[in-house]
$ cat input_16.csv   # CSV, C-alpha atoms
chain,number,residue,atom,x,y,z
A,1,MET,CA,52.1,-0.5,12.9
A,2,ASP,CA,49.8,-2.0,15.5
A,3,GLY,CA,50.1,-5.2,17.5
A,4,LEU,CA,53.8,-5.6,17.1
A,5,ASN,CA,55.7,-7.1,20.0
A,6,ILE,CA,59.4,-7.4,19.2
A,7,PRO,CA,61.2,-8.2,22.5
A,8,LEU,CA,63.1,-5.2,23.8
A,9,ASN,CA,66.2,-7.3,24.7
A,10,HIS,CA,66.5,-8.5,21.1
A,11,ILE,CA,66.7,-5.0,19.9
A,12,LEU,CA,69.2,-4.1,22.6
A,13,LEU,CA,71.2,-7.3,21.6
A,14,VAL,CA,71.4,-6.0,18.0
A,15,SER,CA,72.4,-2.6,19.3
A,16,SER,CA,75.2,-4.1,21.5
A,17,LEU,CA,76.4,-6.3,18.6
A,18,LEU,CA,76.6,-3.3,16.3
A,19,PHE,CA,78.5,-1.3,19.0
A,20,SER,CA,81.0,-4.2,19.5
A,21,ILE,CA,81.6,-4.4,15.8
A,22,GLY,CA,82.1,-0.7,15.6
A,23,MET,CA,84.5,-0.8,18.6
A,24,LEU,CA,86.4,-3.7,17.0
A,25,GLY,CA,86.7,-1.7,13.8
A,26,LEU,CA,88.0,1.3,15.7
A,27,MET,CA,90.7,-0.9,17.2
A,28,ILE,CA,91.9,-2.9,14.2
A,29,ARG,CA,91.9,-0.2,11.5
A,30,ARG,CA,94.8,2.3,11.1
A,31,ASN,CA,93.2,4.3,8.3
A,32,ILE,CA,91.6,7.4,9.7
A,33,ILE,CA,88.6,7.1,7.3
A,34,PHE,CA,87.8,3.7,8.6
A,35,ILE,CA,88.2,5.0,12.2
A,36,LEU,CA,85.6,7.7,11.5
A,37,MET,CA,83.3,5.1,9.9
A,38,SER,CA,83.6,2.9,13.0
A,39,LEU,CA,82.7,5.9,15.2
A,40,GLU,CA,79.6,6.4,13.0
A,41,VAL,CA,78.6,2.7,13.6
A,42,MET,CA,79.1,3.1,17.3
A,43,LEU,CA,77.0,6.3,17.5
A,44,ASN,CA,74.3,4.6,15.4
A,45,ALA,CA,74.2,1.6,17.8
A,46,ALA,CA,73.8,3.9,20.7
A,47,ALA,CA,71.0,5.8,18.9
A,48,LEU,CA,69.3,2.4,18.2
A,49,ALA,CA,69.3,1.6,21.9
A,50,PHE,CA,67.8,5.0,22.7
A,51,VAL,CA,65.0,4.7,20.2
A,52,ALA,CA,64.2,1.1,21.3
A,53,ALA,CA,64.0,2.3,24.9
A,54,GLY,CA,61.8,5.2,23.9
A,55,ALA,CA,59.5,2.8,22.0
A,56,HIS,CA,59.4,0.4,25.0
A,57,TRP,CA,57.9,3.1,27.2
A,58,GLY,CA,55.9,4.8,24.4
A,59,GLN,CA,57.6,8.1,25.0
A,60,PRO,CA,59.1,10.6,22.5
A,61,ASP,CA,62.2,11.1,24.6
A,62,GLY,CA,64.1,8.4,22.8
A,63,GLN,CA,63.7,10.0,19.4
A,64,VAL,CA,64.6,13.4,20.9
A,65,VAL,CA,67.9,11.9,22.1
A,66,PHE,CA,68.3,10.2,18.7
A,67,MET,CA,68.1,13.6,17.1
A,68,LEU,CA,70.8,15.0,19.4
A,69,ILE,CA,73.0,12.0,18.6
A,70,LEU,CA,72.5,12.8,14.9
A,71,THR,CA,73.7,16.4,15.5
A,72,VAL,CA,76.8,15.1,17.3
A,73,ALA,CA,77.5,12.7,14.5
A,74,ALA,CA,77.1,15.3,11.8
A,75,ALA,CA,79.4,17.8,13.6
A,76,GLU,CA,82.0,15.2,14.4
A,77,VAL,CA,82.1,13.9,10.8
A,78,ALA,CA,82.5,17.4,9.4
A,79,VAL,CA,85.4,18.3,11.6
A,80,GLY,CA,86.9,14.8,11.3
A,81,LEU,CA,86.9,14.8,7.5
A,82,GLY,CA,88.5,18.3,7.6
A,83,LEU,CA,91.2,16.8,9.7
A,84,VAL,CA,91.5,13.9,7.2
A,85,LEU,CA,92.3,16.3,4.4
A,86,GLN,CA,94.9,18.1,6.6
A,87,VAL,CA,96.5,14.8,7.6
A,88,GLN,CA,96.7,13.6,4.0
A,89,LYS,CA,98.2,17.0,3.0
A,90,ARG,CA,100.9,17.1,5.7
A,91,PHE,CA,101.9,13.4,6.1
A,92,LYS,CA,101.0,12.1,2.6
A,93,THR,CA,99.4,9.1,4.3
A,94,LEU,CA,96.2,8.2,6.2
A,95,ASP,CA,98.1,5.9,8.6
A,96,MET,CA,97.3,7.2,12.1
A,97,ASP,CA,100.4,5.7,13.6
A,98,ARG,CA,102.4,7.9,11.4
A,99,ALA,CA,100.6,11.1,12.6
A,100,ASN,CA,101.3,10.7,16.3
A,101,ARG,CA,103.3,14.0,16.9
A,102,MET,CA,101.6,17.3,17.7
A,103,GLN,CA,103.1,20.3,16.1
A,104,GLY,CA,101.8,23.8,15.4
B,105,MET,CA,54.1,-11.8,13.3
B,106,LEU,CA,55.2,-10.3,10.0
B,107,GLU,CA,56.9,-7.4,11.9
B,108,ILE,CA,59.0,-9.8,14.0
B,109,VAL,CA,60.2,-11.7,10.8
B,110,LEU,CA,61.0,-8.4,9.2
B,111,PHE,CA,62.9,-7.3,12.3
B,112,TYR,CA,65.1,-10.3,12.3
B,113,ILE,CA,65.8,-10.0,8.6
B,114,ALA,CA,66.7,-6.3,9.0
B,115,ALA,CA,68.9,-7.0,12.1
B,116,THR,CA,70.8,-9.8,10.2
B,117,VAL,CA,71.3,-7.5,7.2
B,118,ALA,CA,72.5,-4.7,9.5
B,119,LEU,CA,75.0,-6.9,11.3
B,120,VAL,CA,76.4,-8.6,8.2
B,121,ALA,CA,76.7,-5.3,6.4
B,122,THR,CA,78.5,-3.7,9.3
B,123,VAL,CA,81.0,-6.6,9.6
B,124,MET,CA,81.6,-6.4,5.8
B,125,ALA,CA,82.1,-2.6,6.1
B,126,MET,CA,84.7,-3.0,8.9
B,127,THR,CA,86.7,-5.6,7.0
B,128,ARG,CA,86.9,-4.2,3.5
B,129,ALA,CA,90.2,-2.9,2.1
B,130,ASN,CA,88.6,-0.5,-0.3
B,131,ALA,CA,87.1,2.5,1.4
B,132,ILE,CA,84.3,3.0,-1.2
B,133,HIS,CA,83.2,-0.7,-0.9
B,134,ALA,CA,83.2,-0.3,2.9
B,135,LEU,CA,81.1,2.9,2.5
B,136,ILE,CA,78.5,1.1,0.4
B,137,TYR,CA,78.2,-1.6,3.0
B,138,LEU,CA,77.8,1.0,5.7
B,139,ILE,CA,74.9,2.6,3.8
B,140,VAL,CA,73.2,-0.8,3.6
B,141,SER,CA,73.7,-1.2,7.3
B,142,LEU,CA,72.2,2.3,8.0
B,143,LEU,CA,69.2,1.5,5.8
B,144,ALA,CA,68.6,-1.7,7.7
B,145,VAL,CA,68.7,0.2,11.0
B,146,ALA,CA,66.2,2.6,9.5
B,147,VAL,CA,63.9,-0.4,8.8
B,148,ILE,CA,64.3,-1.4,12.5
B,149,PHE,CA,63.4,2.1,13.6
B,150,PHE,CA,60.3,2.0,11.4
B,151,LEU,CA,59.3,-1.4,12.8
B,152,ILE,CA,59.6,-0.4,16.5
B,153,GLY,CA,57.2,2.6,16.0
B,154,ALA,CA,59.6,5.5,15.2
B,155,PRO,CA,58.9,6.5,11.6
B,156,PHE,CA,60.3,10.0,12.1
B,157,ALA,CA,63.6,8.6,13.3
B,158,ALA,CA,63.6,6.2,10.4
B,159,ALA,CA,63.2,9.1,7.9
B,160,LEU,CA,65.9,11.1,9.6
B,161,GLU,CA,68.2,8.1,9.6
B,162,ILE,CA,67.9,7.8,5.8
B,163,VAL,CA,68.0,11.5,5.0
B,164,ILE,CA,70.8,12.6,7.3
B,165,TYR,CA,72.9,9.4,8.0
B,166,ALA,CA,72.6,7.5,4.8
B,167,GLY,CA,72.2,10.7,2.8
B,168,ALA,CA,74.2,13.7,4.0
B,169,ILE,CA,76.9,12.1,6.2
B,170,MET,CA,77.7,9.3,3.7
B,171,VAL,CA,77.9,11.8,0.9
B,172,LEU,CA,80.5,13.7,2.9
B,173,PHE,CA,82.5,10.5,3.2
B,174,VAL,CA,82.2,9.9,-0.6
B,175,PHE,CA,83.4,13.4,-1.4
B,176,VAL,CA,86.5,13.1,0.9
B,177,ILE,CA,87.4,9.6,-0.4
B,178,MET,CA,87.1,10.9,-4.0
B,179,MET,CA,89.3,14.0,-3.1
B,180,LEU,CA,92.0,11.8,-1.5
B,181,ASN,CA,92.1,9.5,-4.6
B,182,LEU,CA,93.7,6.5,-2.7
B,183,GLY,CA,93.6,3.9,-5.6
B,184,GLU,CA,95.2,0.5,-5.7
B,185,LYS,CA,98.2,1.4,-3.5
B,186,GLY,CA,95.9,2.2,-0.6
B,187,ASP,CA,94.0,-1.1,-1.1
B,188,LYS,CA,97.2,-3.1,-0.9
B,189,GLN,CA,98.4,-1.3,2.2
B,190,GLU,CA,95.0,-1.9,3.9
B,191,ARG,CA,95.2,-5.6,3.1
B,192,GLN,CA,98.6,-5.7,4.6
B,193,TRP,CA,97.3,-4.1,7.8
B,194,LEU,CA,94.4,-6.5,8.1
B,195,GLN,CA,96.4,-9.6,9.3
B,196,PRO,CA,94.9,-12.0,12.0
B,197,SER,CA,97.8,-11.1,14.3
B,198,ILE,CA,96.6,-7.5,14.3
B,199,TRP,CA,92.9,-8.1,14.9
B,200,ALA,CA,93.0,-11.1,17.2
B,201,GLY,CA,93.7,-9.2,20.4
B,202,PRO,CA,91.1,-6.4,19.8
B,203,ALA,CA,88.6,-9.1,18.8
B,204,ILE,CA,88.9,-10.9,22.1
B,205,LEU,CA,88.5,-7.7,24.0
B,206,SER,CA,85.4,-6.8,22.0
B,207,ILE,CA,83.9,-10.2,22.6
B,208,VAL,CA,84.5,-9.9,26.3
B,209,LEU,CA,82.7,-6.6,26.3
B,210,LEU,CA,79.9,-8.0,24.2
B,211,ILE,CA,79.4,-10.9,26.6
B,212,GLU,CA,79.1,-8.4,29.5
B,213,LEU,CA,76.6,-6.3,27.6
B,214,VAL,CA,74.5,-9.3,26.7
B,215,MET,CA,74.5,-10.5,30.3
B,216,VAL,CA,73.2,-7.1,31.5
B,217,ILE,CA,70.6,-6.9,28.7
B,218,SER,CA,69.3,-10.4,29.3
B,219,GLN,CA,67.9,-9.2,32.6
B,220,THR,CA,65.5,-6.8,30.9
B,221,SER,CA,62.3,-8.1,29.3
B,222,GLY,CA,59.0,-7.0,27.8
B,223,PRO,CA,58.0,-6.1,24.3
B,224,VAL,CA,58.3,-2.6,22.8
B,225,SER,CA,55.2,-0.4,22.8
B,226,VAL,CA,52.3,-1.2,20.4
B,227,THR,CA,51.8,2.4,19.4
B,228,ALA,CA,54.0,4.4,17.2
B,229,VAL,CA,55.4,7.7,18.5
B,230,SER,CA,54.5,10.3,15.9
B,231,ALA,CA,56.6,13.1,14.6
B,232,LYS,CA,54.2,15.6,16.3
B,233,GLU,CA,54.9,14.2,19.8
B,234,VAL,CA,58.6,14.3,19.1
B,235,GLY,CA,58.4,17.9,17.9
B,236,LEU,CA,56.3,19.0,21.0
B,237,SER,CA,58.8,17.3,23.2
B,238,LEU,CA,61.8,18.8,21.4
B,239,PHE,CA,60.5,22.4,21.7
B,240,GLY,CA,59.0,21.9,25.1
B,241,PRO,CA,61.0,20.3,27.8
B,242,TYR,CA,64.1,19.8,25.6
B,243,VAL,CA,64.4,23.3,24.2
B,244,LEU,CA,67.7,23.9,26.0
B,245,ALA,CA,69.1,20.8,24.4
B,246,VAL,CA,68.1,22.1,21.0
B,247,GLU,CA,70.0,25.3,21.7
B,248,ILE,CA,73.0,23.4,22.7
B,249,ALA,CA,72.7,21.3,19.5
B,250,SER,CA,72.6,24.4,17.4
B,251,MET,CA,75.7,25.8,19.1
B,252,LEU,CA,77.4,22.5,18.5
B,253,LEU,CA,76.5,22.6,14.8
B,254,LEU,CA,77.8,26.2,14.6
B,255,ALA,CA,81.1,25.1,16.2
B,256,GLY,CA,81.3,22.2,13.7
B,257,LEU,CA,80.6,24.5,10.8
B,258,VAL,CA,83.3,27.0,11.9
B,259,GLY,CA,85.8,24.2,12.7
B,260,SER,CA,85.4,22.4,9.4
B,261,PHE,CA,85.5,25.7,7.4
B,262,HIS,CA,88.7,26.6,9.2
B,263,LEU,CA,90.3,23.3,8.5
B,264,GLY,CA,89.1,23.1,4.9
B,265,ARG,CA,90.1,26.7,4.1
B,266,ARG,CA,93.7,26.1,5.2
B,267,TYR,CA,93.8,23.0,3.0
B,268,LEU,CA,92.7,25.1,0.0
B,269,ASP,CA,95.1,27.9,0.9
B,270,ARG,CA,98.1,25.7,1.2
B,271,ASP,CA,97.2,24.1,-2.1
B,272,ASN,CA,97.2,27.5,-3.8
B,273,LEU,CA,100.4,28.7,-2.1
B,274,GLU,CA,102.2,25.6,-3.3
B,275,LYS,CA,101.1,26.1,-6.8
B,276,LYS,CA,102.2,29.7,-6.8
B,277,GLY,CA,105.6,28.7,-5.3
B,278,GLY,CA,106.1,26.1,-8.0
B,279,GLN,CA,105.6,28.6,-10.9

$ encode --input "input_16.csv" --output "structure tokens"
Amino acid sequence: MDGLNIPLNHILLVSSLLFSIGMLGLMIRRNIIFILMSLEVMLNAAALAFVAAGAHWGQPDGQVVFMLILTVAAAEVAVGLGLVLQVQKRFKTLDMDRANRMQG
Amino acid sequence: MLEIVLFYIAATVALVATVMAMTRANAIHALIYLIVSLLAVAVIFFLIGAPFAAALEIVIYAGAIMVLFVFVIMMLNLGEKGDKQERQWLQPSIWAGPAILSIVLLIELVMVISQTSGPVSVTAVSAKEVGLSLFGPYVLAVEIASMLLLAGLVGSFHLGRRYLDRDNLEKKGGQ
């Protein structure tokens, strides 16, 4: 693990590419499962940027924030998939454009 | 030198797998590509001196979260009809506009990033340091994370229970 010198901006470039792909997926897909997957990709890209910055300065803070992002992702996905089941139950489709009305 | 080559290979795998995941019609195929992408990101974490983050990425992201997705996709049982509909939705006329907007954002990000420089640190940040930091200065954040997880647990239990209840009620009504 010693003597590596990967340029920081290359890692950040990978991170921003992943984030852009995730955002593109979020915009082009209408299936709620793919929307949740795109959110995962975007959170993962943000986590990669944090860990890279933490490694750049040799501090553990980046990995601490990575763990908090992991928590957010886990909670978001649990609630989101519960909502997927409800949407499929009520609307008989996963098309988000069909489920645009709020009702109790 | 070897680390740099490995980094570029892992980065390429991550990007290609993510693009494939975002463009598949079948949800399970997309999920497998997403797992490959997460594993590649875990390799990057390991290479930049964050072995603990790499382990967590595999165990929680590629393990637990993706298993949740698999369960839900299996429960929904989309089948061939879902695939056909997805292919219908993935026309160039639909994705061209968002693609242009994403590329504009990407160019802006790259322009900002290109001003930073310098290699990442030569020393790995060990799990012990992370743990000391987590329960030292960041202990309040850990408490907030635990509350968030509790809220997620209660929320998903509530949503899932009503799903099961409605199922049972409909069965009873049908008899």

$ atom_distance --input "input_16.csv" --atom1 "atom CA of A:Leu18" --atom2 "atom CA of A:Asn44"
8.3 Å

$ interface_residues --input "input_16.csv" --of "chain A" --to "chain B" --cutoff "6 Å" --atoms "all atoms listed in the file" --output "ChimeraX atom specification"
/A:2-9,20,24-25,28,55-56,58,60,75,78-79,82

$ residues_around --input "input_16.csv" --residues "A:Ser38" --least-positions-apart "6" --cutoff "7 Å" --atoms "all atoms listed in the file" --output "list of chain:residue names"
A:Gly22, A:Met23, A:Gly25, A:Leu26

$ atom_distance --input "input_16.csv" --atom1 "atom CA of A:Ala52" --atom2 "atom CA of B:Ile162"
17.3 Å

$ atom_distance --input "input_16.csv" --atom1 "atom CA of A:Leu43" --atom2 "atom CA of A:Val72"
8.8 Å

$ residues_around --input "input_16.csv" --residues "A:Arg101" --least-positions-apart "4" --cutoff "12 Å" --atoms "all atoms listed in the file" --output "PyMOL selection string"
chain A and resi 87+90-91+96-97
